[in-house]
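Enquirer: Would you mind keeping the following structure in view while I ask a few things?
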Amino acid sequence: MAGVADLLEDKDVCICAGSGGVGKTTTAAAIALGMAGRGLSVCVLTIDPAKRLADSLGLAELGNDAERVDPALLEAQDSPVEGELWAMMLDAKATFDELVARHAPDEESRERVLRNRIYQQISTALAGSQEYMAMEKLFELHSEARFDLLVLDTPPTRNALDFLDAPRRLMQFIEGRSMRVFMKPTGMAARVAGRGAGVALSIVRRIVGFDLLADLSEFFTAMSGMVDGFRERARRVDELLAAPRTSFLVVCGPSGEPVDEAVYFHRKLVEAKLPFGGVIVNKVHRLPDYAGGDGEDLRGGLRTALDDGDLADRVAANYADYLSLAERDSRNIDHLAAELRTRSVIRVPYLDEDVHDLSGLADLNRFLFAAGRDPAATATDG
Ligand SMILES: Nc1ncnc2c1ncn2[C@@H]1O[C@H](COP(=O)(O)OP(=O)(O)OP(=O)(O)O)[C@@H](O)[C@H]1O
Ligand SMILES: [Mg+2]
């Protein structure tokens, strides 16, 4: 079975996708560290990392710029890192602003959009804008060709697929009916609107506290000048996502529903002709290598060792629960591999502690980058 390094051979973009809370951010950071350890210059684009992980990557605050992880920190690790590790915390709002700045025809319309209150609301709240902006930033960095590999973390979408749909939804919104409604009205619509508009506007103004309709109209008129630029850009982002040097790694948990979601996400990737690289099943309960038997044997042994029958029974029961979890995970992963018809399923165990620093990431990498099967997995496969 392949490790992450095999899956990413010859790739320059790696996208860690999956549903919420499965470990996308952690995995993305670990992969970036691992690939930097193989001599590459790697940048991980993270979204909302836990504070401690951000700190350990030297990302004290949102920057929207890549920061190099202190080489001294990397050197202090058990296995030295020969490449460069860079990290960046994605800021969707700042990326949107940069995008507007790029596509605005002139200074004045740029300022007009950026200052516009509707824009300010929409660019922070627009559904899908975070997903779209993540890919937008990815595209920008990729065009600059500063790094050998970009690893993209993806936002915690309710549904993993929202992420793939984001560019299309954003374009639909900008080009769509909502836009036309607010552009300068002409003909009949203008005459109808014109009559009651004075009263309506003054009511709206009283309610929302500013000239909502004027702002809306200004926003959409200004944006309309940028639609072509946006559309072209969205097309090129799509192209990058589908490129042969891009790889989607699906991250999932080992229990029933997360595994089903991974199967579904894989199918959608294939349908959309996007390059599926492999699956990472994170937080797997491993079958322990303990060979002292179970049931009565174990209980007997524990009673002797612990000298407390009650405690021994509880430890034995706990162990039995854990074994059934491990067996369940193993069955689910076999099912996953069969459904996906792939051998590229990488198992990462549930570690005893949260992963929030470089050495925790390195712990994960023992599994992410292990070529060959997890011995515990082989035991149940055979
Ligand atoms: N293999 C593991 N063993 C133990 N803890 C883990 C493991 N992988 C991740 N974690 C912990 O699980 C938590 C969630 O991980 P992470 O933030 O990477 O998930 P995520 O998929 O990015 O979540 P979200 O969808 O909210 O962005 C973190 O506290 C992390 O330290
Ligand atoms: Mg995350």
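Ligands are numbered from 1 in the order shown, residues from 1 within each chain, and chains are lettered A, B, ... in the order they appear in the structure tokens.
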Neighbouring residues of A:Gly83 were defined as those with any atom within 10 Å, considering only C-alpha atoms; residues of the same chain fewer than 4 positions away were excluded. Please report them as a VMD selection string.
Expert: chain A and resid 33 to 42 71 74 148
Enquirer: Store the residues picked out above, limited to all heavy atoms, as a short mmCIF file (atom, residue, chain, number, x, y, z; two decimals), in the first residue's frame.
Expert:
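The result, stored in part_10.cif:
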```cif
data_model
loop_
_atom_site.label_atom_id
_atom_site.label_comp_id
_atom_site.auth_asym_id
_atom_site.auth_seq_id
_atom_site.Cartn_x
_atom_site.Cartn_y
_atom_site.Cartn_z
N LEU A 33 4.45 19.15 6.28
CA LEU A 33 5.68 18.92 7.02
C LEU A 33 6.44 17.71 6.46
O LEU A 33 7.65 17.77 6.23
CB LEU A 33 5.36 18.69 8.51
CG LEU A 33 6.53 18.25 9.40
CD1 LEU A 33 7.56 19.38 9.52
CD2 LEU A 33 6.04 17.83 10.79
N GLY A 34 5.69 16.66 6.20
CA GLY A 34 6.32 15.43 5.70
C GLY A 34 6.98 15.63 4.34
O GLY A 34 8.07 15.12 4.08
N MET A 35 6.33 16.38 3.48
CA MET A 35 6.88 16.59 2.14
C MET A 35 8.07 17.57 2.21
O MET A 35 9.02 17.43 1.44
CB MET A 35 5.81 17.10 1.18
CG MET A 35 4.70 16.10 0.91
SD MET A 35 5.28 14.51 0.26
CE MET A 35 5.46 14.88 -1.49
N ALA A 36 8.00 18.53 3.13
CA ALA A 36 9.16 19.40 3.33
C ALA A 36 10.34 18.56 3.82
O ALA A 36 11.49 18.79 3.45
CB ALA A 36 8.83 20.51 4.32
N GLY A 37 10.02 17.56 4.62
CA GLY A 37 11.05 16.65 5.11
C GLY A 37 11.71 15.88 3.98
O GLY A 37 12.81 15.36 4.12
N ARG A 38 11.03 15.82 2.84
CA ARG A 38 11.61 15.14 1.67
C ARG A 38 12.29 16.13 0.74
O ARG A 38 12.49 15.84 -0.43
CB ARG A 38 10.53 14.34 0.95
CG ARG A 38 10.30 13.02 1.66
CD ARG A 38 8.95 12.43 1.42
NE ARG A 38 8.85 11.18 2.16
CZ ARG A 38 8.66 11.11 3.49
NH1 ARG A 38 8.56 12.22 4.21
NH2 ARG A 38 8.60 9.95 4.10
N GLY A 39 12.57 17.29 1.25
CA GLY A 39 13.39 18.24 0.51
C GLY A 39 12.62 19.26 -0.32
O GLY A 39 13.22 20.10 -0.99
N LEU A 40 11.29 19.19 -0.30
CA LEU A 40 10.52 20.13 -1.11
C LEU A 40 10.27 21.44 -0.36
O LEU A 40 10.32 21.49 0.86
CB LEU A 40 9.17 19.53 -1.51
CG LEU A 40 9.16 18.22 -2.27
CD1 LEU A 40 7.74 17.88 -2.68
CD2 LEU A 40 10.06 18.32 -3.49
N SER A 41 9.98 22.45 -1.16
CA SER A 41 9.52 23.70 -0.57
C SER A 41 7.99 23.65 -0.64
O SER A 41 7.41 23.63 -1.72
CB SER A 41 10.10 24.85 -1.39
OG SER A 41 9.45 26.02 -1.04
N VAL A 42 7.38 23.58 0.53
CA VAL A 42 5.94 23.30 0.60
C VAL A 42 5.21 24.41 1.33
O VAL A 42 5.70 24.93 2.34
CB VAL A 42 5.68 21.98 1.36
CG1 VAL A 42 4.21 21.58 1.26
CG2 VAL A 42 6.57 20.87 0.85
N PRO A 71 13.02 27.68 10.55
CA PRO A 71 13.85 26.50 10.29
C PRO A 71 14.45 25.93 11.58
O PRO A 71 14.66 24.72 11.67
CB PRO A 71 14.95 27.03 9.37
CG PRO A 71 14.39 28.26 8.76
CD PRO A 71 13.44 28.84 9.76
N LEU A 74 12.17 23.44 12.92
CA LEU A 74 12.16 22.20 12.13
C LEU A 74 13.41 21.37 12.43
O LEU A 74 13.36 20.15 12.47
CB LEU A 74 12.08 22.52 10.64
CG LEU A 74 10.79 23.21 10.20
CD1 LEU A 74 10.84 23.53 8.72
CD2 LEU A 74 9.57 22.33 10.49
N ASP A 148 7.19 24.11 -4.47
CA ASP A 148 7.12 22.84 -5.20
C ASP A 148 5.76 22.19 -5.03
O ASP A 148 5.26 21.50 -5.91
CB ASP A 148 8.17 21.85 -4.66
CG ASP A 148 9.58 22.41 -4.78
OD1 ASP A 148 9.87 23.02 -5.83
OD2 ASP A 148 10.38 22.24 -3.84
#
```
Enquirer: Around ligand 2, at most 6 Å away and counting only C-alpha atoms and all ligand atoms, which residues are there? Put them as a PyMOL selection string, please.
Expert: chain A and resi 24-25+47-49+155-156
Enquirer: Output N, CA and C atoms for every residue in the selection just made, as a compact mmCIF listing (two decimals), in the first residue's frame.
Expert:
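Written out: part_37.txt:
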```
# COMPACT_ATOMS: atom_id res chain seq x y z
N LYS A 24 -8.98 17.32 8.68
CA LYS A 24 -8.43 17.88 7.44
C LYS A 24 -7.27 18.84 7.71
N THR A 25 -7.50 19.76 8.65
CA THR A 25 -6.49 20.77 8.92
C THR A 25 -5.21 20.13 9.44
N ILE A 47 -7.22 26.63 6.98
CA ILE A 47 -8.43 27.38 7.28
C ILE A 47 -8.78 27.12 8.72
N ASP A 48 -8.84 28.17 9.49
CA ASP A 48 -9.30 27.99 10.87
C ASP A 48 -8.55 26.94 11.67
N PRO A 49 -7.24 26.96 11.69
CA PRO A 49 -6.55 25.95 12.49
C PRO A 49 -6.78 26.23 13.96
N PRO A 155 -12.52 24.14 3.99
CA PRO A 155 -13.34 24.60 5.10
C PRO A 155 -14.31 23.53 5.58
N PRO A 156 -14.74 23.67 6.83
CA PRO A 156 -15.68 22.70 7.39
C PRO A 156 -17.07 22.89 6.81
```
Enquirer: Sorted by chain and rising residue number, which residues of chain A lie within 8 Å of ligand 1, and what are their closest atom pairs and distances in Å to one decimal, counting only C-alpha atoms and all ligand atoms, as JSON lines?
Expert:
```
{"residue": "A:Gly18", "atom": "CA", "partner": "ligand 1", "partner_atom_place_in_ligand_line": "21 (O)", "distance": 7.0}
{"residue": "A:Ser19", "atom": "CA", "partner": "ligand 1", "partner_atom_place_in_ligand_line": "25 (O)", "distance": 6.0}
{"residue": "A:Gly20", "atom": "CA", "partner": "ligand 1", "partner_atom_place_in_ligand_line": "25 (O)", "distance": 3.2}
{"residue": "A:Gly21", "atom": "CA", "partner": "ligand 1", "partner_atom_place_in_ligand_line": "23 (O)", "distance": 3.3}
{"residue": "A:Val22", "atom": "CA", "partner": "ligand 1", "partner_atom_place_in_ligand_line": "21 (O)", "distance": 4.0}
{"residue": "A:Gly23", "atom": "CA", "partner": "ligand 1", "partner_atom_place_in_ligand_line": "18 (O)", "distance": 3.2}
{"residue": "A:Lys24", "atom": "CA", "partner": "ligand 1", "partner_atom_place_in_ligand_line": "21 (O)", "distance": 3.8}
{"residue": "A:Thr25", "atom": "CA", "partner": "ligand 1", "partner_atom_place_in_ligand_line": "22 (O)", "distance": 3.7}
{"residue": "A:Thr26", "atom": "CA", "partner": "ligand 1", "partner_atom_place_in_ligand_line": "18 (O)", "distance": 3.6}
{"residue": "A:Thr27", "atom": "CA", "partner": "ligand 1", "partner_atom_place_in_ligand_line": "18 (O)", "distance": 6.2}
{"residue": "A:Ala28", "atom": "CA", "partner": "ligand 1", "partner_atom_place_in_ligand_line": "18 (O)", "distance": 7.9}
{"residue": "A:Ile47", "atom": "CA", "partner": "ligand 1", "partner_atom_place_in_ligand_line": "27 (O)", "distance": 6.9}
{"residue": "A:Asp48", "atom": "CA", "partner": "ligand 1", "partner_atom_place_in_ligand_line": "27 (O)", "distance": 6.4}
{"residue": "A:Pro49", "atom": "CA", "partner": "ligand 1", "partner_atom_place_in_ligand_line": "17 (O)", "distance": 6.1}
{"residue": "A:Ala50", "atom": "CA", "partner": "ligand 1", "partner_atom_place_in_ligand_line": "17 (O)", "distance": 6.2}
{"residue": "A:Leu53", "atom": "CA", "partner": "ligand 1", "partner_atom_place_in_ligand_line": "31 (O)", "distance": 8.0}
{"residue": "A:Asp153", "atom": "CA", "partner": "ligand 1", "partner_atom_place_in_ligand_line": "22 (O)", "distance": 7.3}
{"residue": "A:Thr154", "atom": "CA", "partner": "ligand 1", "partner_atom_place_in_ligand_line": "27 (O)", "distance": 7.2}
{"residue": "A:Pro155", "atom": "CA", "partner": "ligand 1", "partner_atom_place_in_ligand_line": "27 (O)", "distance": 5.6}
{"residue": "A:Pro156", "atom": "CA", "partner": "ligand 1", "partner_atom_place_in_ligand_line": "25 (O)", "distance": 3.6}
{"residue": "A:Thr157", "atom": "CA", "partner": "ligand 1", "partner_atom_place_in_ligand_line": "25 (O)", "distance": 6.9}
{"residue": "A:Val251", "atom": "CA", "partner": "ligand 1", "partner_atom_place_in_ligand_line": "21 (O)", "distance": 7.8}
{"residue": "A:Asn282", "atom": "CA", "partner": "ligand 1", "partner_atom_place_in_ligand_line": "1 (N)", "distance": 5.3}
{"residue": "A:Lys283", "atom": "CA", "partner": "ligand 1", "partner_atom_place_in_ligand_line": "1 (N)", "distance": 4.4}
{"residue": "A:Val284", "atom": "CA", "partner": "ligand 1", "partner_atom_place_in_ligand_line": "1 (N)", "distance": 7.3}
{"residue": "A:Val348", "atom": "CA", "partner": "ligand 1", "partner_atom_place_in_ligand_line": "1 (N)", "distance": 5.7}
{"residue": "A:Pro349", "atom": "CA", "partner": "ligand 1", "partner_atom_place_in_ligand_line": "1 (N)", "distance": 5.3}
{"residue": "A:Tyr350", "atom": "CA", "partner": "ligand 1", "partner_atom_place_in_ligand_line": "3 (N)", "distance": 3.9}
{"residue": "A:Leu351", "atom": "CA", "partner": "ligand 1", "partner_atom_place_in_ligand_line": "3 (N)", "distance": 3.7}
{"residue": "A:Asp352", "atom": "CA", "partner": "ligand 1", "partner_atom_place_in_ligand_line": "4 (C)", "distance": 6.1}
{"residue": "A:Glu353", "atom": "CA", "partner": "ligand 1", "partner_atom_place_in_ligand_line": "4 (C)", "distance": 5.4}
{"residue": "A:Asp354", "atom": "CA", "partner": "ligand 1", "partner_atom_place_in_ligand_line": "31 (O)", "distance": 3.8}
{"residue": "A:Val355", "atom": "CA", "partner": "ligand 1", "partner_atom_place_in_ligand_line": "31 (O)", "distance": 3.7}
{"residue": "A:His356", "atom": "CA", "partner": "ligand 1", "partner_atom_place_in_ligand_line": "31 (O)", "distance": 5.5}
{"residue": "A:Leu364", "atom": "CA", "partner": "ligand 1", "partner_atom_place_in_ligand_line": "1 (N)", "distance": 6.5}
```
Enquirer: If we count only C-alpha atoms, what is near A:Ala312 at a cut-off of 12 Å, once residues fewer than 2 positions away on the same chain are taken out, given as a ChimeraX atom specification?
Expert: /A:295-310,314-319
Enquirer: Among stretch 253-359 of chain A, which residues does DSSP mark as alpha helix (DSSP H) when it is run on the backbone? Keep the chain and numbering as in the structure and answer as a PDB file with C-alpha atoms, in the first residue's frame.
Expert:
```pdb
ATOM      1  CA  GLY A 256     -20.149   4.211   9.380  1.00  0.00           C
ATOM      2  CA  GLU A 257     -21.367   7.603   8.310  1.00  0.00           C
ATOM      3  CA  PRO A 258     -17.982   9.242   7.648  1.00  0.00           C
ATOM      4  CA  VAL A 259     -16.997   6.253   5.562  1.00  0.00           C
ATOM      5  CA  ASP A 260     -20.207   6.543   3.527  1.00  0.00           C
ATOM      6  CA  GLU A 261     -19.516  10.225   2.993  1.00  0.00           C
ATOM      7  CA  ALA A 262     -16.046   9.416   1.710  1.00  0.00           C
ATOM      8  CA  VAL A 263     -17.531   6.949  -0.769  1.00  0.00           C
ATOM      9  CA  TYR A 264     -19.992   9.604  -1.916  1.00  0.00           C
ATOM     10  CA  PHE A 265     -17.308  12.283  -2.185  1.00  0.00           C
ATOM     11  CA  HIS A 266     -15.090   9.960  -4.178  1.00  0.00           C
ATOM     12  CA  ARG A 267     -17.935   9.289  -6.597  1.00  0.00           C
ATOM     13  CA  LYS A 268     -18.542  13.001  -7.048  1.00  0.00           C
ATOM     14  CA  LEU A 269     -14.850  13.608  -7.735  1.00  0.00           C
ATOM     15  CA  VAL A 270     -14.867  10.920 -10.375  1.00  0.00           C
ATOM     16  CA  GLU A 271     -18.055  12.291 -11.941  1.00  0.00           C
ATOM     17  CA  GLY A 295     -12.251 -12.624  28.056  1.00  0.00           C
ATOM     18  CA  GLU A 296     -11.567 -14.797  31.109  1.00  0.00           C
ATOM     19  CA  ASP A 297      -7.795 -15.035  30.485  1.00  0.00           C
ATOM     20  CA  LEU A 298      -7.422 -11.312  30.493  1.00  0.00           C
ATOM     21  CA  ARG A 299      -9.680 -10.810  33.482  1.00  0.00           C
ATOM     22  CA  GLY A 300      -7.751 -13.378  35.463  1.00  0.00           C
ATOM     23  CA  GLY A 301      -4.455 -11.767  34.610  1.00  0.00           C
ATOM     24  CA  LEU A 302      -5.719  -8.315  35.481  1.00  0.00           C
ATOM     25  CA  ARG A 303      -7.163  -9.450  38.802  1.00  0.00           C
ATOM     26  CA  THR A 304      -3.775 -10.809  39.793  1.00  0.00           C
ATOM     27  CA  ALA A 305      -1.872  -7.800  38.517  1.00  0.00           C
ATOM     28  CA  LEU A 306      -4.158  -5.124  39.908  1.00  0.00           C
ATOM     29  CA  GLY A 309     -11.276  -7.335  41.283  1.00  0.00           C
ATOM     30  CA  ASP A 310     -13.684  -4.515  40.544  1.00  0.00           C
ATOM     31  CA  LEU A 311     -11.096  -2.410  38.786  1.00  0.00           C
ATOM     32  CA  ALA A 312      -9.812  -5.434  36.876  1.00  0.00           C
ATOM     33  CA  ASP A 313     -13.317  -6.149  35.608  1.00  0.00           C
ATOM     34  CA  ARG A 314     -13.791  -2.613  34.464  1.00  0.00           C
ATOM     35  CA  VAL A 315     -10.438  -2.549  32.677  1.00  0.00           C
ATOM     36  CA  ALA A 316     -11.306  -5.827  30.984  1.00  0.00           C
ATOM     37  CA  ALA A 317     -14.724  -4.502  29.914  1.00  0.00           C
ATOM     38  CA  ASN A 318     -13.116  -1.342  28.588  1.00  0.00           C
ATOM     39  CA  TYR A 319     -10.634  -3.381  26.623  1.00  0.00           C
ATOM     40  CA  ALA A 320     -13.423  -5.487  25.155  1.00  0.00           C
ATOM     41  CA  ASP A 321     -15.241  -2.303  24.059  1.00  0.00           C
ATOM     42  CA  TYR A 322     -12.102  -1.024  22.462  1.00  0.00           C
ATOM     43  CA  LEU A 323     -11.600  -4.288  20.601  1.00  0.00           C
ATOM     44  CA  SER A 324     -15.081  -4.091  19.135  1.00  0.00           C
ATOM     45  CA  LEU A 325     -14.454  -0.512  18.043  1.00  0.00           C
ATOM     46  CA  ALA A 326     -11.230  -1.580  16.378  1.00  0.00           C
ATOM     47  CA  GLU A 327     -12.995  -4.453  14.649  1.00  0.00           C
ATOM     48  CA  ARG A 328     -15.799  -2.183  13.511  1.00  0.00           C
ATOM     49  CA  ASP A 329     -13.265   0.316  12.085  1.00  0.00           C
ATOM     50  CA  SER A 330     -11.437  -2.423  10.298  1.00  0.00           C
ATOM     51  CA  ARG A 331     -14.653  -3.731   8.704  1.00  0.00           C
ATOM     52  CA  ASN A 332     -15.638  -0.207   7.664  1.00  0.00           C
ATOM     53  CA  ILE A 333     -12.263   0.411   6.073  1.00  0.00           C
ATOM     54  CA  ASP A 334     -12.417  -2.861   4.156  1.00  0.00           C
ATOM     55  CA  HIS A 335     -15.842  -1.824   2.923  1.00  0.00           C
ATOM     56  CA  LEU A 336     -14.460   1.587   1.932  1.00  0.00           C
ATOM     57  CA  ALA A 337     -11.534   0.118   0.014  1.00  0.00           C
ATOM     58  CA  ALA A 338     -13.861  -2.276  -1.788  1.00  0.00           C
ATOM     59  CA  GLU A 339     -16.331   0.467  -2.717  1.00  0.00           C
ATOM     60  CA  LEU A 340     -13.575   2.698  -4.024  1.00  0.00           C
ATOM     61  CA  LEU A 358       5.257  19.927  15.035  1.00  0.00           C
ATOM     62  CA  SER A 359       6.111  16.823  16.984  1.00  0.00           C
TER      63      SER A 359
END
```
Enquirer: So how far away is atom CA of A:Cys43 from atom CA of A:Val4, in Å?
Expert: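 Here the two named atoms are 15.9 Å from each other.
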Enquirer: Between A:Phe276, A:Leu287, A:Arg112, A:Phe139, which has the minimum distance to A:Thr342 (counting only C-alpha atoms)?
Expert: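 Of all the options, A:Phe276 lies closest to A:Thr342.
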Enquirer: Would you mind reading off the distance between atom CA of A:Asp357 and atom CA of A:Phe369, one decimal, in Å?
Expert: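 So the two atoms, atom CA of A:Asp357 and atom CA of A:Phe369, lie 17.7 Å apart.
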Enquirer: Record the distance separating atom CA of A:Phe248 and atom CA of A:Val81, expressed in Å with one decimal.
Expert: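 That distance, rounded to one decimal, is 24.3 Å.
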Enquirer: With only C-alpha atoms as the atoms that count, which of A:Ala29, A:Leu361, A:Cys252, A:Leu138 lies nearest to A:Arg347?
Expert: A:Cys252
Enquirer: Quick one: of A:Met133, A:Ala72, A:Val113, A:Leu57, who's nearest to A:Asp91, counting only C-alpha atoms?
Expert: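 Comparing A:Met133, A:Ala72, A:Val113, A:Leu57 against A:Asp91, the winner is A:Met133.
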